[in-house]
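Asker: Before I ask anything, here is the structure I am working with.
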Amino acid sequence: MEKKTSNGSSSTGTSIWMLSSMIIALFAFLVRVLVSLHPYSGAGNPPMYGDFEAQRHWMEITLHISSKDWYRNTTSNNLSYWGLDYPPLTAYQSYAHGLLFLQPFAPDSVALFTSHGHESPLGKLLMRWTVLSSDTLIFFPAALYFIVVYYIHRGEKDTAWQLAMILLNPCLIIIDHGHFQYNCISLGLTLAAVAAIFSKNELIASVLFSLSLNHKQMSAYFAPAFFSHLLGKSLRRQNPLLEVLKLGLVVLGTFALVWSPFLYSKEAVIQVLSRLAPFERGIYEDYVANFWCSTSILIKWKRLFTTVSLKLLSFSATFISILPSMIQQIRDPSNNSFLYALLNSSFSFYLFSFQVHEKSILLPLLPASLLALEEPLLFRWLTYYAMLSMLPLLYRDHLILPYVALLVLFAFTHYSPYRRYNKGGIDSSILQKEAVDVIRLLYGIRKGQKDSLISHLANCHF
């Protein structure tokens, strides 16, 4: 009889995990495709449309005018019509997507001036595929990288479930593939930077996080945690000054490379920076579930305080709330505490910083999802509250059907690993039926099926 070796057992376990990961990734991709069949922000709503039009317009602008004019108001670039207000890496991404996807197959969709509000079926399909490809090439590999370096090396069980929690985050899916944005790029770069730190590649992590900052300035929500953790680690090395210097040079070098087209003059840099900090919009936007908006029922912040005063108030509140975790990371950095520092830092920015909008909740949700195995209650309720906080936005976008379906899928997936603790658990036939029903919900429900939708939701096993 052939003996089973420990190596053979380990190899079998690895093969099973790889197969599970592939199935989860394929299912997560399918969910994204199905959500993308639904409406997007500003669909058929002239004259400004919505975020879909903003992203399309940035492709139009970056393809047809010089990079020095991307952030300037010119006859070819009217900044009042969805002017670029994200860092240069977003502009390069828009250029690449326009060049590779839209211009070759649907040139009318990115024609200068005449393409405003373009909504042809082919143009919409290509736009959706730019997000799907970005998610698949950046966020998916980053999630797998994190699982491998953090959980598998620790011998944790349920790593496949943890991967599902990251890839099937309902908030990220419905904002990127429903509403229409590219948060998967900046969050994917941040996630890859976290994984690089855990694999002791701090210089690579610095490059990745610098790229994330240069894609969306909201990645600064994570900056205090990254700074304090890397500083704390450097101070424990043999040559701390040299370690800090190396990290600083890598960060400066990455920023210099990304900003190189705009470094020809001080005025050009200031012009770009002025587009990234729109203080004129006020301390919060729409109905964001943060401290300033929530308390505005009692205290009319915008009416009682000047913009300068509100900037000082928000800075002070944000700094005070992130300071304890920064001190802890400098004094005693560890991988696990770093995840909590990321959560504290991003949540503090979301609650107290200046100019926050609904979609910013995606940032604290990232570290919360990375801690799902250790803090399942926190992650579950933060996800529910995040989805609730975005309901007005998604209602305007006519995304209620995928909204409900993703909530059902999240609840179904979140409780799945705990079936073994329940003797009377849910049998596999019910689980299969729930999965099929979720796909049906995502694909869309005809008017005559509304009653069956309500009946299904009432009988879900979570």
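Naming scheme: A, B, ... for chains in displayed order of the structure tokens; residues 1 onward per chain; ligands 1 onward as shown.
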With DSSP run on the backbone, what are the helix (DSSP H, G or I) residues within stretch 146-372 of chain A? I'd like them as a PyMOL selection string.
Answerer: chain A and resi 146-154+159-167+170-180+183-198+202-213+217-234+240-262+266-276+279-281+291-295+301-304+307-331+335-352+358-370
Asker: Do you know which residues are at most 8 Å from A:Val356 counting only C-alpha atoms, after dropping those on the same chain fewer than 4 positions away, and could you put them as a list in words?
Answerer: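 Near neighbours after the sequence-gap exclusion: Ile283, Tyr284, Glu285, Val288, Asn290, Tyr350 and Ser360 of chain A.
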Asker: Separation of atom CA of A:Met390 and atom CA of A:His179, in Å?
Answerer: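 Computing the Euclidean distance for atom CA of A:Met390 and atom CA of A:His179 yields 10.7 Å.
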Asker: Separation of atom CA of A:His229 and atom CA of A:Trp161, in Å?
Answerer: 27.5 Å
Asker: Between A:Leu304, A:Leu189, A:Leu167, A:Ile197, which has the minimum distance to A:Phe209 (counting only C-alpha atoms)?
Answerer: A:Leu189
Asker: Can you tell me, as a list in words, what residues are no more than 9 Å from stretch 371-378 of chain A when counting only C-alpha atoms, ignoring any on the same chain fewer than 3 positions away?
Answerer: Asp158, Thr159, Trp161, Gln162, Met165, Ile166, Asn336, Leu339, Tyr340, Leu366, Pro367, Ala368, Trp381, Leu382, Thr383 and His414 of chain A
Asker: Residues at most 10 Å from stretch 252-266 of chain A, counting only C-alpha atoms, excluding those fewer than 5 positions away in the same chain, as number ranges by chain?
Answerer: A: 66-71, 87-89, 92, 206-211, 213-215, 246-247, 271-272
Asker: Kindly assemble as a Markdown table a list of the stretch 15-90 of chain A residues that lie within 10 Å of stretch 103-124 of chain A, each paired with its nearest atom pair and their distance in Å to one decimal, using only C-alpha atoms, sorted first by chain and then by ascending residue number.
Answerer:
| residue | atom | partner | partner_atom | distance |
| --- | --- | --- | --- | --- |
| A:Ser36 | CA | A:Lys124 | CA | 9.8 |
| A:Leu37 | CA | A:Lys124 | CA | 9.9 |
| A:Tyr40 | CA | A:Lys124 | CA | 9.7 |
| A:Gly42 | CA | A:Gly117 | CA | 9.5 |
| A:Ala43 | CA | A:Glu119 | CA | 8.0 |
| A:Gly44 | CA | A:Glu119 | CA | 7.9 |
| A:Asn45 | CA | A:Gly117 | CA | 8.7 |
| A:Pro46 | CA | A:Gly117 | CA | 7.2 |
| A:Pro47 | CA | A:Gly117 | CA | 7.6 |
| A:Met48 | CA | A:Gly117 | CA | 7.8 |
| A:Tyr49 | CA | A:Gly117 | CA | 6.9 |
| A:Gly50 | CA | A:Gly117 | CA | 9.4 |
| A:Phe52 | CA | A:Lys124 | CA | 9.0 |
| A:Glu53 | CA | A:Gly117 | CA | 6.3 |
| A:Ala54 | CA | A:Gly117 | CA | 9.4 |
| A:Arg56 | CA | A:Val110 | CA | 7.1 |
| A:His57 | CA | A:His116 | CA | 7.1 |
| A:Trp58 | CA | A:Val110 | CA | 9.0 |
| A:Met59 | CA | A:Val110 | CA | 6.6 |
| A:Glu60 | CA | A:Val110 | CA | 4.5 |
| A:Ile61 | CA | A:Leu112 | CA | 7.1 |
| A:Thr62 | CA | A:Val110 | CA | 9.8 |
| A:Leu63 | CA | A:Val110 | CA | 8.0 |
| A:His64 | CA | A:Leu112 | CA | 6.7 |
| A:Ile65 | CA | A:Leu112 | CA | 9.0 |
| A:Ser76 | CA | A:Phe113 | CA | 8.0 |
| A:Asn77 | CA | A:Phe113 | CA | 9.1 |
| A:Asn78 | CA | A:Phe113 | CA | 10.0 |
| A:Tyr81 | CA | A:His116 | CA | 9.4 |
